[in-house]
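*Asks:* Sharing a structure here in structure tokens format.
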Amino acid sequence: MRDIQILWIDDEIDLLKPHILFLEQKQYKVTTCSNGTDAVELIDEKDFDVVFLDENMPGLSGLETLTELKEKKPNLPVIMITKSEEEYIMEEAIGSKIADFLIKPVNPNQILLALKKTLDHSRLISEKTTINYQKEFRKIALELSMVNTYEDWANLYKKLVYWELALENITDSSMVEILESQKQEANSHFFKFIKKRYKDWLTSTEKPILSHNLLKEVVFPIIKKESNTLLIVIDNLRYDQFRIIEPIINQFYKTEEELMYYSILPTATQYARNALFSGMMPLEMEKKYPQYWKNDPDEGLKNLYEDQFLTENLKRNGLKIKYDFIKITNLKSGKQIADNFKSYKENDLTVIVYNFVDMISHAKTEMDVIKELAGDDKAYRSLTLSWFNNSPLLEIIQKAQQLGMKLIITTDHGTINCKNPTKVIGDKEISANLRYKTGRSLSYDAHDVYVEKNPKDILLPSISMSSSFIFAKENLFFAYPNNYHHYVNYYKNSYQHGGISLEEMIIPCVIFAPK
């Protein structure tokens with residue numbers, strides 16, 4: 001490993017000889033310079049790992065030198081040293097992206113600590129994170145053997161996501177692999193839990209908030225208290241994706257409450273999102289609103305009547321309010337809504353459904369470029385963050401904050417990266433989704449699915465007298481025996497939803513207040 005090269009710029013450099021000797025004894029290599037002009041030339045001639053820069057120098061000042069250094073080497077860490085504690089100097093320096101800030105007089109140990117922080121920051125964080133996860137691993141393993149309620153599962157899933165995000169940038173890939181295996185084990189246990197409990201939730205008072213209860217239990221009470229609420233439903237938004245966009249939202253809104261609720265089965269848009277807006281399970285929607293509800297084999301889009309479902313839901317709950325329902329499916333419509341958002345300021349409720357994350361997951365299957373950009377969960381999150389940072393949705397959130405609107409962000413279901421196929425056979429009417437199937441004469445591996453032979457028992461409509469539902473477990477996806485290998489290669493490592501996994505079923509609903 002080569003020696004660390006330091007450039008120290010100070011017009012009184014001779015007085016710093018003891019500090020320099022101290023660093024050289026620690027095996028650092030120090031090049032000195034007494035003015036900014038020479039320093040700017042020096043960094044063209046030699047590669048330095050870090051710069052110590054005096055703020056108060058004759059000729060080219062410290063801040064001016066800093067600007068020129070950053071123009072030439074924007075990623076070169078600069079530690080500024082100054083006698084002055086004036087706020088504007090610190091703000092100027094910090095705005096120019098200094099690595100650290102020291103006030104004179106400095107002692108050798110302060111210098112050494114600043115170097116460690118600057119040069120070893122990533123390594124130290126990585127090591128600390130790894131050690132902490134190693135300790136937590138045993139606790140999570142113990143919790144997995146004991147978890148037995150929907151609250152426990154929500155808390156365990158949040159903990160797994162916390163560690164997934166904490167470990168994603170460490171250099172020790174073995175820790176990431178261990179966490180991944182722990183997530184797989186958790187999903188295996190979760191599948192058994194859902195098979196055992198899901199049907200009971202639909203008739204019991206002891207149940208989580210489900211898709212069809214969310215508005216009544218969470219959103220409507222807020223509308224009754226708050227005069228102007230913005231509800232954003234980002235289709236297909238997993239909890240880990242929400243966690244990475246939350247800091248951006250927090251620039252404008254403070255998080256008041258974070259709830260985890262459960263998507264109904266199937267964890268698919270036509271079922272979960274229609275249930276969310278209607279306040280009904282699919283079987284009830286089919287009976288009461290046959291003009292709006294469409295089953296899997298029916299022609300046409302399945303989510304055309306969410307606005308009408310919401311209208312009926314508001315009426316049933318006695319909410320006579322002024323509201324708008326907006327669905328954004330492309331950049332152009334998003335920009336139009338953002339440009340005209342002030343027109344919604346008199347509403348009691350403004351609902352926006354944003355489909356972009358769902359489009360990412362489906363495009364990943366269809367487009368090679370998206371497969372490259374979202375090859376795994378880390379890349380999938382990164383793509384989501386890039387979209388959000390540059391989307392009209394962020395502009396809408398900013399304008400909502402300026403109007404003093406309450407903000408609720410949620411989703412209809414999550415998604416999972418499908419790794420392994422499981423074979424399925426059915427008649428020509430079988431549904432197309434890769435994580436659930438409904439139809440007659442279904443043939444499948446019973447170990448890989450949750451089967452409901454009578455869909456009415458879980459409040460789902462039947463497309464025929466003998467049709468049933470099956471839901472894939474963990475990260476499996478259904479594949480037909482015909483042309484099996486082509487089918488598997490095409491869909492493997494794609495993001496799908498409709499089945500049973502922590503990622504698909506346990507999803508966020510977060511309430512924000514404007515800053």
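All residue names refer to the structure tokens as shown: chains lettered A, B, ... in order, residues numbered from 1 in each chain, ligands numbered from 1 in order.
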Run DSSP on the backbone and tell me which residues of stretch 281-485 of chain A come out as alpha helix (DSSP H); list them as number ranges by chain.
*Replies:* A: 282-288, 306-316, 331-339, 356-366, 368-373, 377-389, 392-402, 484-485
*Asks:* Using backbone DSSP assignments, extract all strand (DSSP E) residues from stretch 65-179 of chain A; output them as a PyMOL selection string.
*Replies:* chain A and resi 78-82+100-103
*Asks:* Save the residues we just selected, C-alpha atoms, as a PDB file, in the first residue's frame?
*Replies:*
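To be explicit, this is the file written out as out-v6.pdb:
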ATOM      1  CA  VAL A  78      -9.622  19.700   1.493  1.00  0.00           C
ATOM      2  CA  ILE A  79      -9.373  20.319   5.247  1.00  0.00           C
ATOM      3  CA  MET A  80      -9.523  24.049   5.986  1.00  0.00           C
ATOM      4  CA  ILE A  81      -7.646  25.545   8.950  1.00  0.00           C
ATOM      5  CA  THR A  82      -8.456  29.060  10.152  1.00  0.00           C
ATOM      6  CA  ASP A 100     -13.388  19.101   7.441  1.00  0.00           C
ATOM      7  CA  PHE A 101     -12.839  22.379   9.320  1.00  0.00           C
ATOM      8  CA  LEU A 102     -10.263  23.062  12.074  1.00  0.00           C
ATOM      9  CA  ILE A 103      -9.790  26.200  14.222  1.00  0.00           C
TER      10      ILE A 103
END
*Asks:* Which value, in Å to one decimal, gives the distance between atom CA of A:Gly426 and atom CA of A:Ser501?
*Replies:* 23.5 Å
*Asks:* Between stretch 417-494 of chain A and stretch 194-203 of chain A, at 12 Å or less, what are the per-residue closest atom pairs and their distances in Å? Count only C-alpha atoms, order by chain and rising residue number, and return it as a Markdown table.
*Replies:*
| residue | atom | partner | partner_atom | distance |
| --- | --- | --- | --- | --- |
| A:His447 | CA | A:Lys195 | CA | 11.7 |
| A:Asp448 | CA | A:Lys195 | CA | 11.6 |
| A:Val449 | CA | A:Lys195 | CA | 9.2 |
| A:Tyr450 | CA | A:Lys195 | CA | 6.2 |
| A:Val451 | CA | A:Lys195 | CA | 8.6 |
| A:Glu452 | CA | A:Lys199 | CA | 9.6 |
| A:Asn454 | CA | A:Lys199 | CA | 11.4 |
| A:Pro455 | CA | A:Lys199 | CA | 10.5 |
| A:Lys456 | CA | A:Lys199 | CA | 10.3 |
| A:Asp457 | CA | A:Lys199 | CA | 7.1 |
| A:Ile458 | CA | A:Lys199 | CA | 5.7 |
| A:Leu459 | CA | A:Leu202 | CA | 7.9 |
| A:Leu460 | CA | A:Leu202 | CA | 11.1 |
| A:Ile470 | CA | A:Lys195 | CA | 11.2 |
| A:Phe471 | CA | A:Lys195 | CA | 9.9 |
| A:Ala472 | CA | A:Lys195 | CA | 11.2 |
| A:Lys473 | CA | A:Lys195 | CA | 9.9 |
| A:Glu474 | CA | A:Ile194 | CA | 11.6 |
*Asks:* Now that the selection is made, can you save its residues with all heavy atoms as a compact mmCIF listing (two decimals), in the first residue's frame?
*Replies:*
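Below is the file that was written, out_19.txt:
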# COMPACT_ATOMS: atom_id res chain seq x y z
N HIS A 447 -46.23 -27.38 -2.95
CA HIS A 447 -45.28 -26.81 -1.99
C HIS A 447 -44.96 -25.34 -2.30
O HIS A 447 -44.49 -24.62 -1.43
CB HIS A 447 -43.97 -27.61 -1.99
CG HIS A 447 -44.12 -29.00 -1.44
ND1 HIS A 447 -44.25 -30.10 -2.25
CD2 HIS A 447 -44.18 -29.45 -0.16
CE1 HIS A 447 -44.37 -31.17 -1.50
NE2 HIS A 447 -44.35 -30.81 -0.23
N ASP A 448 -45.22 -24.93 -3.53
CA ASP A 448 -44.80 -23.60 -3.99
C ASP A 448 -45.91 -22.55 -3.92
O ASP A 448 -45.67 -21.38 -4.23
CB ASP A 448 -44.29 -23.66 -5.43
CG ASP A 448 -42.99 -24.44 -5.54
OD1 ASP A 448 -42.33 -24.62 -4.50
OD2 ASP A 448 -42.64 -24.86 -6.66
N VAL A 449 -47.11 -22.95 -3.53
CA VAL A 449 -48.24 -22.02 -3.65
C VAL A 449 -49.15 -22.07 -2.43
O VAL A 449 -49.19 -23.06 -1.69
CB VAL A 449 -49.08 -22.32 -4.91
CG1 VAL A 449 -48.25 -22.18 -6.17
CG2 VAL A 449 -49.73 -23.69 -4.83
N TYR A 450 -49.88 -20.98 -2.25
CA TYR A 450 -51.04 -20.94 -1.36
C TYR A 450 -52.25 -21.10 -2.27
O TYR A 450 -52.45 -20.31 -3.19
CB TYR A 450 -51.07 -19.62 -0.61
CG TYR A 450 -52.37 -19.27 0.09
CD1 TYR A 450 -53.18 -20.24 0.67
CD2 TYR A 450 -52.79 -17.94 0.16
CE1 TYR A 450 -54.37 -19.91 1.31
CE2 TYR A 450 -53.97 -17.59 0.80
CZ TYR A 450 -54.76 -18.59 1.37
OH TYR A 450 -55.94 -18.25 1.99
N VAL A 451 -53.05 -22.13 -2.03
CA VAL A 451 -54.18 -22.47 -2.89
C VAL A 451 -55.48 -22.06 -2.20
O VAL A 451 -55.67 -22.32 -1.02
CB VAL A 451 -54.23 -23.99 -3.16
CG1 VAL A 451 -55.35 -24.29 -4.17
CG2 VAL A 451 -52.91 -24.50 -3.64
N GLU A 452 -56.35 -21.43 -2.96
CA GLU A 452 -57.70 -21.18 -2.47
C GLU A 452 -58.68 -21.71 -3.52
O GLU A 452 -58.90 -21.09 -4.55
CB GLU A 452 -57.93 -19.68 -2.22
CG GLU A 452 -59.18 -19.40 -1.43
CD GLU A 452 -59.33 -20.28 -0.20
OE1 GLU A 452 -58.55 -20.12 0.76
OE2 GLU A 452 -60.23 -21.15 -0.20
N ASN A 454 -61.87 -22.23 -3.22
CA ASN A 454 -63.12 -21.47 -3.23
C ASN A 454 -62.80 -20.00 -3.04
O ASN A 454 -62.67 -19.52 -1.90
CB ASN A 454 -64.06 -21.96 -2.14
CG ASN A 454 -65.42 -21.27 -2.20
OD1 ASN A 454 -65.68 -20.47 -3.13
ND2 ASN A 454 -66.27 -21.54 -1.25
N PRO A 455 -62.62 -19.22 -4.12
CA PRO A 455 -62.20 -17.82 -4.02
C PRO A 455 -63.07 -16.97 -3.09
O PRO A 455 -62.58 -16.03 -2.45
CB PRO A 455 -62.27 -17.32 -5.46
CG PRO A 455 -62.07 -18.55 -6.29
CD PRO A 455 -62.75 -19.64 -5.53
N LYS A 456 -64.36 -17.32 -2.97
CA LYS A 456 -65.26 -16.54 -2.11
C LYS A 456 -64.82 -16.56 -0.66
O LYS A 456 -65.14 -15.64 0.10
CB LYS A 456 -66.69 -17.04 -2.25
CG LYS A 456 -67.31 -16.75 -3.61
CD LYS A 456 -68.74 -17.24 -3.71
CE LYS A 456 -69.30 -16.93 -5.10
NZ LYS A 456 -70.69 -17.42 -5.24
N ASP A 457 -64.10 -17.61 -0.26
CA ASP A 457 -63.63 -17.71 1.13
C ASP A 457 -62.62 -16.61 1.46
O ASP A 457 -62.42 -16.29 2.64
CB ASP A 457 -63.00 -19.08 1.39
CG ASP A 457 -64.05 -20.18 1.48
OD1 ASP A 457 -65.24 -19.85 1.56
OD2 ASP A 457 -63.66 -21.37 1.47
N ILE A 458 -61.96 -16.07 0.44
CA ILE A 458 -61.05 -14.93 0.68
C ILE A 458 -61.55 -13.69 -0.08
O ILE A 458 -60.78 -12.81 -0.44
CB ILE A 458 -59.57 -15.26 0.33
CG1 ILE A 458 -59.42 -15.77 -1.10
CG2 ILE A 458 -58.98 -16.25 1.34
CD1 ILE A 458 -57.98 -15.88 -1.55
N LEU A 459 -62.88 -13.67 -0.28
CA LEU A 459 -63.60 -12.51 -0.83
C LEU A 459 -63.10 -12.07 -2.21
O LEU A 459 -62.99 -10.90 -2.52
CB LEU A 459 -63.53 -11.34 0.16
CG LEU A 459 -64.05 -11.64 1.58
CD1 LEU A 459 -63.96 -10.40 2.45
CD2 LEU A 459 -65.47 -12.18 1.53
N LEU A 460 -62.80 -13.10 -3.03
CA LEU A 460 -62.41 -12.85 -4.42
C LEU A 460 -63.47 -13.42 -5.35
O LEU A 460 -64.08 -14.46 -5.05
CB LEU A 460 -61.05 -13.49 -4.74
CG LEU A 460 -59.84 -12.92 -4.00
CD1 LEU A 460 -58.59 -13.70 -4.38
CD2 LEU A 460 -59.66 -11.44 -4.28
N ILE A 470 -54.28 -19.45 -7.08
CA ILE A 470 -53.01 -19.88 -6.45
C ILE A 470 -52.08 -18.67 -6.41
O ILE A 470 -52.07 -17.84 -7.31
CB ILE A 470 -52.34 -21.06 -7.20
CG1 ILE A 470 -52.06 -20.71 -8.67
CG2 ILE A 470 -53.15 -22.33 -7.06
CD1 ILE A 470 -51.25 -21.77 -9.40
N PHE A 471 -51.32 -18.58 -5.30
CA PHE A 471 -50.39 -17.46 -5.09
C PHE A 471 -48.99 -18.01 -4.88
O PHE A 471 -48.79 -18.90 -4.03
CB PHE A 471 -50.82 -16.63 -3.88
CG PHE A 471 -52.24 -16.17 -3.94
CD1 PHE A 471 -53.25 -16.88 -3.28
CD2 PHE A 471 -52.59 -15.04 -4.66
CE1 PHE A 471 -54.56 -16.46 -3.34
CE2 PHE A 471 -53.90 -14.61 -4.72
CZ PHE A 471 -54.90 -15.33 -4.06
N ALA A 472 -48.02 -17.50 -5.64
CA ALA A 472 -46.64 -18.00 -5.53
C ALA A 472 -45.99 -17.51 -4.25
O ALA A 472 -46.24 -16.40 -3.79
CB ALA A 472 -45.84 -17.54 -6.75
N LYS A 473 -45.13 -18.34 -3.69
CA LYS A 473 -44.42 -17.98 -2.46
C LYS A 473 -43.06 -17.38 -2.77
O LYS A 473 -42.53 -17.50 -3.88
CB LYS A 473 -44.24 -19.21 -1.57
CG LYS A 473 -43.24 -20.23 -2.10
CD LYS A 473 -43.06 -21.38 -1.11
CE LYS A 473 -41.99 -22.36 -1.59
NZ LYS A 473 -41.77 -23.45 -0.61
N GLU A 474 -42.49 -16.70 -1.77
CA GLU A 474 -41.11 -16.21 -1.80
C GLU A 474 -40.81 -15.50 -3.12
O GLU A 474 -41.52 -14.58 -3.50
CB GLU A 474 -40.16 -17.37 -1.49
CG GLU A 474 -40.44 -18.02 -0.14
CD GLU A 474 -39.79 -19.37 0.02
OE1 GLU A 474 -38.73 -19.60 -0.60
OE2 GLU A 474 -40.33 -20.22 0.77
*Asks:* Using only C-alpha atoms, pick whichever of A:Pro508, A:Pro108, A:Gly414, A:Pro392 has the shortest atom-to-atom distance to A:Gly334.
*Replies:* A:Pro392
*Asks:* Show me, as a PyMOL selection string, the residues that have an atom within 10 Å of stretch 394-399 of chain A when counting only C-alpha atoms, minus same-chain residues fewer than 2 positions from it.
*Replies:* chain A and resi 230+232+245+248-249+251-253+334-335+337-342+345+352+387-392+401-405+407+514
